>>> print(open('final-v4.csv').read())   # CSV, C-alpha atoms
chain,number,residue,atom,x,y,z
A,1,MET,CA,-100.3,0.4,56.2
A,2,ASN,CA,-102.1,-2.3,54.4
A,3,ALA,CA,-105.0,-1.8,52.0
A,4,ARG,CA,-107.7,-2.7,54.5
A,5,ALA,CA,-106.5,-0.3,57.2
A,6,ARG,CA,-106.1,2.4,54.5
A,7,LEU,CA,-109.7,1.9,53.4
A,8,LEU,CA,-110.9,2.0,57.0
A,9,VAL,CA,-109.1,5.3,57.6
A,10,PHE,CA,-110.6,6.7,54.4
A,11,ALA,CA,-114.1,5.6,55.3
A,12,LEU,CA,-113.9,7.3,58.7
A,13,GLY,CA,-112.4,10.5,57.1
A,14,ALA,CA,-115.0,10.4,54.3
A,15,LEU,CA,-117.9,10.1,56.8
A,16,LEU,CA,-116.6,13.1,58.8
A,17,LEU,CA,-115.8,15.2,55.8
A,18,GLY,CA,-119.0,14.3,54.0
A,19,GLY,CA,-121.1,14.9,57.1
A,20,ALA,CA,-119.5,18.3,57.7
A,21,TYR,CA,-119.8,19.2,54.0
A,22,MET,CA,-123.5,18.3,53.8
A,23,ALA,CA,-124.2,20.2,57.0
A,24,ALA,CA,-122.5,23.3,55.5
A,25,LEU,CA,-124.4,22.8,52.2
A,26,SER,CA,-127.7,22.6,54.0
A,27,GLN,CA,-127.1,26.2,55.2
A,28,LEU,CA,-126.9,27.5,51.6
A,29,ALA,CA,-129.7,29.4,50.1
A,30,PRO,CA,-132.1,27.2,48.1
A,31,LEU,CA,-130.8,26.4,44.6
A,32,GLY,CA,-131.2,29.3,42.2
A,33,ARG,CA,-132.6,31.7,44.9
A,34,GLY,CA,-129.3,32.8,46.4
A,35,ALA,CA,-128.6,36.5,46.5
A,36,SER,CA,-125.3,38.2,46.3
A,37,ALA,CA,-125.3,42.0,46.5
A,38,TYR,CA,-121.8,42.1,45.0
A,39,ALA,CA,-123.0,40.1,41.9
A,40,ASP,CA,-126.1,42.2,41.5
A,41,ILE,CA,-124.2,45.5,41.7
A,42,LEU,CA,-121.6,44.3,39.2
A,43,ASN,CA,-124.3,43.1,36.7
A,44,ARG,CA,-126.0,46.5,37.0
A,45,VAL,CA,-123.1,48.9,36.8
A,46,CYS,CA,-120.4,47.2,34.8
A,47,VAL,CA,-121.6,48.2,31.3
A,48,ARG,CA,-122.2,51.8,32.3
A,49,GLU,CA,-119.1,52.2,34.4
A,50,ARG,CA,-116.5,50.3,32.3
A,51,HIS,CA,-118.1,49.9,28.9
A,52,ILE,CA,-117.5,46.1,29.1
A,53,THR,CA,-120.4,43.9,28.2
A,54,ASP,CA,-119.0,40.6,29.4
A,55,VAL,CA,-119.2,41.0,33.2
A,56,VAL,CA,-117.1,37.8,33.8
A,57,THR,CA,-114.1,39.3,32.0
A,58,ALA,CA,-114.7,42.6,33.8
A,59,VAL,CA,-114.5,40.8,37.2
A,60,ASN,CA,-111.4,38.9,36.2
A,61,PHE,CA,-109.3,41.6,34.7
A,62,ASP,CA,-110.7,44.8,36.2
A,63,TYR,CA,-112.7,44.6,39.4
A,64,ARG,CA,-110.6,41.7,40.8
A,65,GLY,CA,-107.6,42.2,38.5
A,66,PHE,CA,-105.1,41.9,41.3
A,67,ASP,CA,-106.4,38.4,42.2
A,68,THR,CA,-106.1,37.3,38.6
A,69,LEU,CA,-102.5,38.5,38.5
A,70,GLY,CA,-101.9,36.1,41.4
A,71,GLU,CA,-103.6,33.3,39.6
A,72,GLU,CA,-101.7,34.0,36.5
A,73,PHE,CA,-98.4,33.7,38.4
A,74,ILE,CA,-99.5,30.3,39.9
A,75,MET,CA,-99.9,29.2,36.3
A,76,PHE,CA,-96.5,30.7,35.4
A,77,THR,CA,-94.8,28.9,38.3
A,78,ALA,CA,-96.5,25.6,37.6
A,79,VAL,CA,-95.2,25.7,34.0
A,80,MET,CA,-91.7,26.6,35.1
A,81,GLY,CA,-91.8,23.8,37.7
A,82,ALA,CA,-92.8,21.2,35.0
A,83,VAL,CA,-90.1,22.5,32.7
A,84,LEU,CA,-87.5,22.4,35.5
A,85,LEU,CA,-88.5,18.8,36.5
A,86,LEU,CA,-88.2,17.5,32.9
A,87,ARG,CA,-84.9,19.1,32.1
A,88,ARG,CA,-82.1,16.9,31.0
A,89,GLY,CA,-80.5,15.2,34.0
A,90,LYS,CA,-76.7,14.6,34.6
A,91,ASP,CA,-77.0,11.0,33.5
A,92,GLU,CA,-79.0,11.6,30.4
A,93,VAL,CA,-78.2,12.7,26.9
A,94,GLN,CA,-80.4,14.7,24.6
A,95,ALA,CA,-80.1,13.2,21.2
A,96,PRO,CA,-82.9,13.5,18.6
A,97,GLN,CA,-83.6,10.1,17.1
A,98,GLU,CA,-84.1,10.6,13.4
A,99,ASP,CA,-86.8,8.0,12.8
A,100,GLU,CA,-89.0,9.3,15.6
A,101,LEU,CA,-88.5,12.9,14.6
A,102,THR,CA,-89.7,12.4,11.0
A,103,SER,CA,-92.6,10.0,11.6
A,104,ARG,CA,-94.8,9.1,14.4
A,105,ARG,CA,-93.9,5.7,15.7
A,106,GLY,CA,-94.8,3.1,13.1
A,107,ARG,CA,-97.9,4.9,11.9
A,108,ARG,CA,-98.3,6.5,8.6
A,109,ARG,CA,-100.3,9.7,8.6
A,110,SER,CA,-102.9,9.9,5.8
A,111,ASP,CA,-103.1,12.8,3.4
A,112,ALA,CA,-106.6,13.6,4.6
A,113,VAL,CA,-105.3,14.2,8.2
A,114,ALA,CA,-102.5,16.4,6.9
A,115,LEU,CA,-104.8,18.5,4.8
A,116,ALA,CA,-107.4,18.9,7.6
A,117,GLY,CA,-104.5,19.8,9.9
A,118,VAL,CA,-103.2,22.6,7.8
A,119,VAL,CA,-106.7,24.1,7.4
A,120,PHE,CA,-107.6,23.8,11.0
A,121,THR,CA,-104.3,25.2,12.2
A,122,ALA,CA,-105.2,28.4,10.5
A,123,VAL,CA,-108.8,28.3,11.8
A,124,LEU,CA,-107.7,27.7,15.4
A,125,LEU,CA,-105.1,30.5,15.3
A,126,LEU,CA,-107.7,32.9,13.9
A,127,PHE,CA,-110.4,31.8,16.3
A,128,GLY,CA,-108.0,31.9,19.3
A,129,SER,CA,-107.0,35.5,18.4
A,130,TYR,CA,-110.7,36.4,18.0
A,131,VAL,CA,-111.6,35.0,21.4
A,132,ILE,CA,-108.6,36.8,23.0
A,133,THR,CA,-109.3,40.2,21.6
A,134,HIS,CA,-113.1,40.1,22.1
A,135,GLY,CA,-113.1,39.1,25.8
A,136,GLN,CA,-114.6,42.4,26.9
A,137,LEU,CA,-117.6,42.0,24.5
A,138,THR,CA,-118.6,38.4,24.5
A,139,PRO,CA,-117.6,35.3,26.5
A,140,GLY,CA,-113.9,34.7,26.0
A,141,GLY,CA,-110.7,36.5,26.9
A,142,GLY,CA,-107.1,35.7,27.4
A,143,PHE,CA,-107.4,32.4,29.3
A,144,GLN,CA,-109.9,30.8,26.9
A,145,GLY,CA,-108.4,32.2,23.7
A,146,GLY,CA,-104.9,31.3,24.8
A,147,VAL,CA,-105.8,27.7,25.2
A,148,ILE,CA,-107.5,27.6,21.8
A,149,ALA,CA,-104.6,29.2,20.1
A,150,SER,CA,-102.1,26.8,21.7
A,151,THR,CA,-103.9,23.8,20.3
A,152,ALA,CA,-102.9,25.0,16.8
A,153,LEU,CA,-99.4,23.7,17.4
A,154,TRP,CA,-100.7,20.4,18.7
A,155,LEU,CA,-102.4,20.1,15.4
A,156,VAL,CA,-99.2,20.8,13.5
A,157,TYR,CA,-97.7,17.8,15.3
A,158,LEU,CA,-100.7,15.6,14.6
A,159,SER,CA,-100.8,16.4,10.9
A,160,GLY,CA,-97.1,17.0,10.3
A,161,SER,CA,-94.2,15.7,12.4
A,162,TYR,CA,-92.3,16.5,15.5
A,163,LYS,CA,-89.6,18.1,13.4
A,164,VAL,CA,-92.1,20.5,11.7
A,165,MET,CA,-93.6,21.3,15.1
A,166,ARG,CA,-90.2,22.3,16.4
A,167,GLN,CA,-89.6,24.5,13.4
A,168,VAL,CA,-93.0,26.2,13.6
A,169,GLY,CA,-92.7,26.8,17.4
A,170,PRO,CA,-89.1,27.2,18.4
A,171,LYS,CA,-88.6,26.9,22.1
A,172,PRO,CA,-86.8,30.3,22.7
A,173,LEU,CA,-89.7,32.0,20.9
A,174,VAL,CA,-92.3,30.2,23.0
A,175,GLU,CA,-90.5,30.9,26.2
A,176,ALA,CA,-90.2,34.6,25.3
A,177,ALA,CA,-93.9,34.8,24.6
A,178,GLU,CA,-94.8,33.3,27.9
A,179,ALA,CA,-92.5,35.6,29.8
A,180,LEU,CA,-93.7,38.6,27.9
A,181,GLY,CA,-97.3,37.7,28.7
A,182,ALA,CA,-96.6,37.3,32.4
A,183,ALA,CA,-94.7,40.5,32.6
A,184,GLY,CA,-97.2,42.3,30.4
A,185,TYR,CA,-100.0,41.9,32.9
A,186,ALA,CA,-97.9,43.5,35.7
A,187,LEU,CA,-96.8,46.3,33.3
A,188,VAL,CA,-100.4,47.1,32.4
A,189,GLY,CA,-100.9,47.4,36.1
A,190,LEU,CA,-98.3,50.2,36.2
A,191,ILE,CA,-100.4,52.3,33.8
A,192,GLY,CA,-102.7,53.1,36.8
A,193,LEU,CA,-99.7,54.0,39.0
A,194,PHE,CA,-98.3,56.4,36.4
A,195,GLN,CA,-101.7,58.1,36.2
A,196,GLY,CA,-101.7,58.7,39.9
A,197,ALA,CA,-104.2,55.9,40.7
A,198,ALA,CA,-103.9,52.4,42.2
A,199,PHE,CA,-102.0,49.5,40.8
A,200,LEU,CA,-104.2,47.8,38.1
A,201,GLN,CA,-106.8,50.4,38.3
A,202,ASN,CA,-108.6,50.8,35.0
A,203,THR,CA,-107.6,54.4,34.1
A,204,LEU,CA,-107.5,54.3,30.3
A,205,PRO,CA,-110.5,55.7,28.4
A,206,PRO,CA,-113.3,53.2,28.3
A,207,GLY,CA,-114.1,53.6,24.6
A,208,SER,CA,-117.5,53.1,23.1
A,209,ILE,CA,-119.6,50.1,24.2
A,210,GLY,CA,-119.4,47.2,21.8
A,211,SER,CA,-116.2,48.2,20.2
A,212,PRO,CA,-113.1,45.9,20.3
A,213,PHE,CA,-111.2,48.8,21.7
A,214,SER,CA,-113.5,49.4,24.6
A,215,GLY,CA,-112.8,48.5,28.2
A,216,GLY,CA,-109.7,50.5,28.9
A,217,THR,CA,-106.9,48.3,30.2
A,218,VAL,CA,-108.9,45.1,29.9
A,219,PRO,CA,-108.1,44.3,26.2
A,220,LEU,CA,-104.4,44.9,26.9
A,221,ILE,CA,-104.6,42.5,29.9
A,222,ASP,CA,-106.5,40.0,27.7
A,223,ILE,CA,-103.7,40.0,25.1
A,224,ALA,CA,-101.0,39.6,27.8
A,225,VAL,CA,-102.8,36.7,29.4
A,226,GLY,CA,-103.5,35.2,26.0
A,227,LEU,CA,-99.8,35.3,25.2
A,228,GLU,CA,-98.9,33.8,28.5
A,229,VAL,CA,-101.5,31.0,28.4
A,230,SER,CA,-100.8,29.9,24.8
A,231,GLY,CA,-97.0,30.2,25.5
A,232,GLY,CA,-97.3,28.2,28.7
A,233,PHE,CA,-99.4,25.4,27.1
A,234,VAL,CA,-97.1,25.1,24.1
A,235,LEU,CA,-94.1,25.1,26.3
A,236,LEU,CA,-95.6,22.2,28.3
A,237,LEU,CA,-96.3,20.3,25.1
A,238,LEU,CA,-92.7,20.9,23.8
A,239,THR,CA,-91.2,19.9,27.1
A,240,PHE,CA,-93.2,16.6,27.4
A,241,MET,CA,-92.5,15.8,23.8
A,242,GLU,CA,-88.8,16.4,24.3
A,243,GLU,CA,-88.8,14.1,27.3
A,244,VAL,CA,-90.4,11.3,25.3
A,245,LEU,CA,-88.6,11.7,22.0
A,246,GLU,CA,-85.2,13.1,22.7
A,247,ILE,CA,-83.9,12.5,26.2
A,248,ARG,CA,-82.3,9.1,26.8
A,249,LEU,CA,-80.3,7.6,29.6
A,250,HIS,CA,-76.6,7.1,28.9
B,251,MET,CA,-135.2,18.1,48.5
B,252,LEU,CA,-134.0,18.7,45.0
B,253,ASN,CA,-132.0,21.4,46.5
B,254,ILE,CA,-129.8,19.2,48.7
B,255,PHE,CA,-129.6,16.6,46.0
B,256,CYS,CA,-128.0,19.1,43.5
B,257,TYR,CA,-125.6,20.4,46.1
B,258,SER,CA,-124.6,16.9,47.2
B,259,ILE,CA,-123.3,16.2,43.7
B,260,ALA,CA,-120.4,18.4,44.6
B,261,ALA,CA,-119.8,16.5,47.9
B,262,TRP,CA,-120.0,13.1,46.0
B,263,VAL,CA,-117.6,14.2,43.3
B,264,LEU,CA,-115.1,15.3,46.0
B,265,LEU,CA,-115.4,12.1,48.0
B,266,ILE,CA,-115.2,9.8,45.0
B,267,GLY,CA,-112.1,11.6,43.8
B,268,LEU,CA,-110.6,11.3,47.3
B,269,TYR,CA,-111.4,7.6,47.3
B,270,GLY,CA,-109.4,7.3,44.1
B,271,VAL,CA,-106.5,9.2,45.5
B,272,VAL,CA,-106.4,7.0,48.6
B,273,THR,CA,-106.7,3.6,46.8
B,274,SER,CA,-104.6,4.6,43.8
B,275,ARG,CA,-101.8,2.2,42.7
B,276,ASN,CA,-100.6,4.4,39.8
B,277,LEU,CA,-99.3,7.9,40.0
B,278,ILE,CA,-101.0,9.0,36.7
B,279,HIS,CA,-104.3,7.6,37.9
B,280,LEU,CA,-103.7,9.5,41.2
B,281,VAL,CA,-103.2,12.8,39.4
B,282,LEU,CA,-106.4,12.3,37.5
B,283,CYS,CA,-108.3,11.5,40.7
B,284,LEU,CA,-107.0,14.8,42.1
B,285,SER,CA,-108.4,16.6,39.1
B,286,VAL,CA,-111.8,14.9,39.7
B,287,MET,CA,-111.7,16.3,43.3
B,288,GLU,CA,-111.0,19.7,41.9
B,289,THR,CA,-114.0,19.4,39.6
B,290,SER,CA,-116.2,19.3,42.6
B,291,THR,CA,-115.3,23.0,43.2
B,292,TYR,CA,-116.6,23.9,39.8
B,293,VAL,CA,-119.9,22.0,40.4
B,294,LEU,CA,-120.4,23.8,43.7
B,295,LEU,CA,-119.5,27.2,42.4
B,296,THR,CA,-121.8,26.8,39.4
B,297,LEU,CA,-124.7,25.8,41.6
B,298,ILE,CA,-124.1,28.7,44.0
B,299,GLY,CA,-124.0,31.2,41.2
B,300,TYR,CA,-127.2,29.9,39.6
B,301,ARG,CA,-130.3,32.1,39.6
B,302,VAL,CA,-133.7,30.8,38.6
B,303,GLY,CA,-134.5,32.4,35.2
B,304,GLY,CA,-131.1,34.1,35.1
B,305,THR,CA,-129.2,34.4,31.8
B,306,ALA,CA,-125.4,34.5,31.2
B,307,PRO,CA,-123.9,37.8,32.6
B,308,VAL,CA,-123.0,39.0,29.2
B,309,PHE,CA,-124.9,42.1,28.2
B,310,ALA,CA,-123.8,42.3,24.6
B,311,ASP,CA,-127.2,41.8,23.1
B,312,ILE,CA,-129.5,41.9,26.0
B,313,PRO,CA,-130.4,45.1,28.0
B,314,VAL,CA,-128.7,45.8,31.3
B,315,GLY,CA,-131.0,44.8,34.1
B,316,THR,CA,-131.9,41.5,32.7
B,317,LYS,CA,-131.7,38.9,35.4
B,318,ALA,CA,-128.3,37.2,35.2
B,319,VAL,CA,-126.4,34.6,37.1
B,320,ASP,CA,-123.5,35.5,39.5
B,321,PRO,CA,-120.5,36.6,37.4
B,322,VAL,CA,-118.0,36.5,40.3
B,323,VAL,CA,-118.1,32.7,40.8
B,324,GLN,CA,-117.8,32.2,37.1
B,325,ALA,CA,-114.7,34.4,37.0
B,326,LEU,CA,-113.2,32.4,39.8
B,327,MET,CA,-113.9,29.2,38.0
B,328,LEU,CA,-112.6,30.3,34.7
B,329,THR,CA,-109.1,31.1,35.8
B,330,ASP,CA,-109.0,28.0,37.9
B,331,VAL,CA,-109.8,25.7,35.0
B,332,VAL,CA,-106.7,26.9,33.1
B,333,VAL,CA,-104.5,27.0,36.2
B,334,GLU,CA,-105.5,23.5,37.2
B,335,ALA,CA,-104.5,22.2,33.7
B,336,THR,CA,-100.9,23.5,34.2
B,337,VAL,CA,-100.7,22.3,37.8
B,338,MET,CA,-101.7,18.8,36.5
B,339,ALA,CA,-98.9,19.1,34.0
B,340,LEU,CA,-96.5,19.8,36.9
B,341,LEU,CA,-97.8,16.8,38.8
B,342,LEU,CA,-97.5,14.6,35.8
B,343,ALA,CA,-93.9,15.8,35.3
B,344,LEU,CA,-93.3,14.6,38.9
B,345,ALA,CA,-94.8,11.2,38.0
B,346,VAL,CA,-92.4,11.0,35.0
B,347,GLN,CA,-89.4,11.7,37.2
B,348,ALA,CA,-90.5,9.3,39.9
B,349,HIS,CA,-90.8,6.6,37.2
B,350,LYS,CA,-87.4,7.4,35.9
B,351,ARG,CA,-85.8,7.2,39.4
B,352,THR,CA,-87.6,4.2,40.8
B,353,GLY,CA,-88.8,2.4,37.6
B,354,SER,CA,-92.3,2.2,39.0
B,355,LEU,CA,-95.5,4.3,39.0
B,356,ASP,CA,-96.9,2.7,42.1
B,357,PRO,CA,-97.0,5.2,45.0
B,358,HIS,CA,-96.4,2.4,47.4
B,359,ASP,CA,-92.9,2.0,46.0
B,360,LEU,CA,-92.0,5.6,46.9
B,361,ARG,CA,-91.3,4.9,50.5
B,362,ALA,CA,-87.9,6.4,51.3
B,363,LEU,CA,-86.6,9.8,50.4
B,364,GLN,CA,-83.6,9.6,48.1
B,365,GLY,CA,-81.0,12.1,47.2
>>> encode(input="final-v4.csv", output="structure tokens")
Amino acid sequence: MNARARLLVFALGALLLGGAYMAALSQLAPLGRGASAYADILNRVCVRERHITDVVTAVNFDYRGFDTLGEEFIMFTAVMGAVLLLRRGKDEVQAPQEDELTSRRGRRRSDAVALAGVVFTAVLLLFGSYVITHGQLTPGGGFQGGVIASTALWLVYLSGSYKVMRQVGPKPLVEAAEALGAAGYALVGLIGLFQGAAFLQNTLPPGSIGSPFSGGTVPLIDIAVGLEVSGGFVLLLLTFMEEVLEIRLH
Amino acid sequence: MLNIFCYSIAAWVLLIGLYGVVTSRNLIHLVLCLSVMETSTYVLLTLIGYRVGGTAPVFADIPVGTKAVDPVVQALMLTDVVVEATVMALLLALAVQAHKRTGSLDPHDLRALQG
């Protein structure tokens, strides 16, 4: 199909899709005046019922915890897929090239960048753990904190070298963290079963409102998801870097 | 009127992303266009969850009962942002492999199945 015909098919499809989409949108409630009984009930009862002040986290890991387990495994599978696709092929060799491992191609890193990198690596790790462990109180949780914490290793590469990055985050450790996080979520779900309730039902004591230990199973799930997300993102980084710096055709 | 205008931003972002996917001549560009399409979901969900005068659904320092926006759509979006990032990595890995096998990033060069 040539470019013209392709564009014509797109224009027709876009008209149809756009028309149907707009027709559907016009049926929505006026902006900002929509009502959802589900949302209103959650906003009203969540703090009293679960002692969780961030309702978004409560929806994710408690009220709709089973859905999020599915989402988490989509992520797990996507990371595994990327790692599998970028593995060393039969016609390739994996040989670290010394000059690329110690310095980034032809560019000298300034001392200021190195110093800032060291400082911010610590700050990011701390902030990441804070966001992970306070998900039930303020905006945050495993997903957001995991991403923040994973960027610490990216900073190690930026301010140090590939070699240092591999030493700080060895692949087996990262893989174990990701797997542990993914399994941890499902294992937390079993707590409910052992207490005679449903899978992923929040049966642990809710604790006192505003305390980092409130929310029953939610902080545990936050930590599991944080491990998985940071492990997954770091694993992706390591895999892509390996592909660029180490794997060569014969 | 403002109403439809705001909602139609979601439709526009979806279609402009689709246009990019259809006309793309580079697999990496194509993956980014796909992520633009996905962004339209976030725009739509944010708009659906918005309540006039509503605050964030976090009752850490405001009393329960304060008017807040819909927490459910925010929760849906939040997981999707992270999941989308990893799915993009998967697609980019596919692009890397395609380039390795065919020596080209142009989707038009990927006509026949191989292997």
>>> residues_around(input="final-v4.csv", residues="B:Thr296", least_positions_apart="4", cutoff="12 Å", atoms="all atoms listed in the file", output="ChimeraX atom specification")
/A:31-32,34 /B:256-257,259-260,289-292,300-301,306,319-328
>>> closest_atom_pairs(input="final-v4.csv", of="chain A", to="chain B", cutoff="7 Å", atoms="all atoms listed in the file", output="tab-separated table")
residue	atom	partner	partner_atom	distance
A:Ala14	CA	B:Leu265	CA	6.5
A:Gly18	CA	B:Ala261	CA	6.5
A:Tyr21	CA	B:Ala261	CA	6.7
A:Met22	CA	B:Ser258	CA	6.8
A:Leu25	CA	B:Tyr257	CA	6.7
A:Ser26	CA	B:Ile254	CA	6.6
A:Pro30	CA	B:Asn253	CA	6.0
A:Leu31	CA	B:Asn253	CA	5.5
A:Gly32	CA	B:Arg301	CA	3.9
A:Arg33	CA	B:Arg301	CA	5.8
A:Gly34	CA	B:Arg301	CA	6.9
A:Ala39	CA	B:Asp320	CA	5.2
A:Asn43	CA	B:Pro307	CA	6.7
A:Arg44	CA	B:Gly315	CA	6.0
A:Thr53	CA	B:Phe309	CA	4.8
A:Asp54	CA	B:Val308	CA	4.3
A:Val55	CA	B:Pro307	CA	5.7
A:Val56	CA	B:Pro321	CA	5.1
A:Val59	CA	B:Val322	CA	6.4
A:Asn60	CA	B:Ala325	CA	5.6
A:Met75	CA	B:Val333	CA	5.1
A:Ala78	CA	B:Val337	CA	5.3
A:Val79	CA	B:Thr336	CA	6.1
A:Gly81	CA	B:Leu340	CA	6.2
A:Ala82	CA	B:Leu340	CA	4.4
A:Leu85	CA	B:Ala343	CA	6.3
A:Leu86	CA	B:Ala343	CA	6.4
A:Leu137	CA	B:Ala310	CA	6.2
A:Thr138	CA	B:Val308	CA	6.5
A:Phe143	CA	B:Val332	CA	6.7
>>> residues_around(input="final-v4.csv", residues="A:Gly231", least_positions_apart="2", cutoff="7 Å", atoms="only C-alpha atoms", output="list in words")
Val174, Glu175, Ala177, Glu178, Leu227, Glu228, Val229, Phe233, Val234 and Leu235 of chain A
>>> residues_near_point(input="final-v4.csv", point="(-91.6, 20.6, 17.4)", cutoff="12 Å", atoms="all atoms listed in the file", output="ChimeraX atom specification")
/A:96,100-102,153-158,160-171,174,234-242,245-246
>>> closest_residue(input="final-v4.csv", among="B:Thr305, B:Glu288, B:Arg275, B:Cys283", to="B:Leu360", atoms="all atoms listed in the file")
B:Arg275
>>> residues_near_point(input="final-v4.csv", point="(-104.7, 49.1, 44.3)", cutoff="12 Å", atoms="all atoms listed in the file", output="PyMOL selection string")
chain A and resi 62-67+189-193+196-203
>>> write_last_selection(input="final-v4.csv", atoms="C-alpha atoms", output="PDB file, in the frame of the given file")
ATOM      1  CA  ASP A  62    -110.700  44.800  36.200  1.00  0.00           C
ATOM      2  CA  TYR A  63    -112.700  44.600  39.400  1.00  0.00           C
ATOM      3  CA  ARG A  64    -110.600  41.700  40.800  1.00  0.00           C
ATOM      4  CA  GLY A  65    -107.600  42.200  38.500  1.00  0.00           C
ATOM      5  CA  PHE A  66    -105.100  41.900  41.300  1.00  0.00           C
ATOM      6  CA  ASP A  67    -106.400  38.400  42.200  1.00  0.00           C
ATOM      7  CA  GLY A 189    -100.900  47.400  36.100  1.00  0.00           C
ATOM      8  CA  LEU A 190     -98.300  50.200  36.200  1.00  0.00           C
ATOM      9  CA  ILE A 191    -100.400  52.300  33.800  1.00  0.00           C
ATOM     10  CA  GLY A 192    -102.700  53.100  36.800  1.00  0.00           C
ATOM     11  CA  LEU A 193     -99.700  54.000  39.000  1.00  0.00           C
ATOM     12  CA  GLY A 196    -101.700  58.700  39.900  1.00  0.00           C
ATOM     13  CA  ALA A 197    -104.200  55.900  40.700  1.00  0.00           C
ATOM     14  CA  ALA A 198    -103.900  52.400  42.200  1.00  0.00           C
ATOM     15  CA  PHE A 199    -102.000  49.500  40.800  1.00  0.00           C
ATOM     16  CA  LEU A 200    -104.200  47.800  38.100  1.00  0.00           C
ATOM     17  CA  GLN A 201    -106.800  50.400  38.300  1.00  0.00           C
ATOM     18  CA  ASN A 202    -108.600  50.800  35.000  1.00  0.00           C
ATOM     19  CA  THR A 203    -107.600  54.400  34.100  1.00  0.00           C
TER      20      THR A 203
END
>>> atom_distance(input="final-v4.csv", atom1="atom CA of B:Leu277", atom2="atom CA of B:His349")
9.0 Å
>>> build_atoms(input="final-v4.csv", residues="stretch 43-56 of chain A", atoms="N, CA and C atoms", output="compact mmCIF listing (two decimals), keeping the file's coordinate frame")
# COMPACT_ATOMS: atom_id res chain seq x y z
N ASN A 43 -123.46 43.27 37.93
CA ASN A 43 -124.30 43.10 36.70
C ASN A 43 -124.97 44.40 36.33
N ARG A 44 -125.27 45.24 37.29
CA ARG A 44 -126.00 46.50 37.00
C ARG A 44 -125.08 47.58 36.50
N VAL A 45 -123.91 47.74 37.14
CA VAL A 45 -123.10 48.90 36.80
C VAL A 45 -121.98 48.69 35.84
N CYS A 46 -121.65 47.43 35.59
CA CYS A 46 -120.40 47.20 34.80
C CYS A 46 -120.45 47.81 33.43
N VAL A 47 -121.55 47.63 32.69
CA VAL A 47 -121.60 48.20 31.30
C VAL A 47 -121.48 49.68 31.34
N ARG A 48 -122.21 50.32 32.25
CA ARG A 48 -122.20 51.80 32.30
C ARG A 48 -120.85 52.31 32.74
N GLU A 49 -120.27 51.65 33.74
CA GLU A 49 -119.10 52.20 34.40
C GLU A 49 -117.81 51.90 33.53
N ARG A 50 -117.68 50.67 33.00
CA ARG A 50 -116.50 50.30 32.30
C ARG A 50 -116.61 50.07 30.84
N HIS A 51 -117.84 50.13 30.33
CA HIS A 51 -118.10 49.90 28.90
C HIS A 51 -117.69 48.48 28.49
N ILE A 52 -117.79 47.52 29.43
CA ILE A 52 -117.50 46.10 29.10
C ILE A 52 -118.79 45.34 29.22
N THR A 53 -119.10 44.58 28.15
CA THR A 53 -120.40 43.90 28.20
C THR A 53 -120.30 42.48 28.75
N ASP A 54 -119.10 41.90 28.79
CA ASP A 54 -119.00 40.60 29.40
C ASP A 54 -118.51 40.82 30.88
N VAL A 55 -119.47 40.66 31.80
CA VAL A 55 -119.20 41.00 33.20
C VAL A 55 -118.12 40.05 33.78
N VAL A 56 -118.11 38.79 33.30
CA VAL A 56 -117.10 37.80 33.80
C VAL A 56 -115.70 38.33 33.56
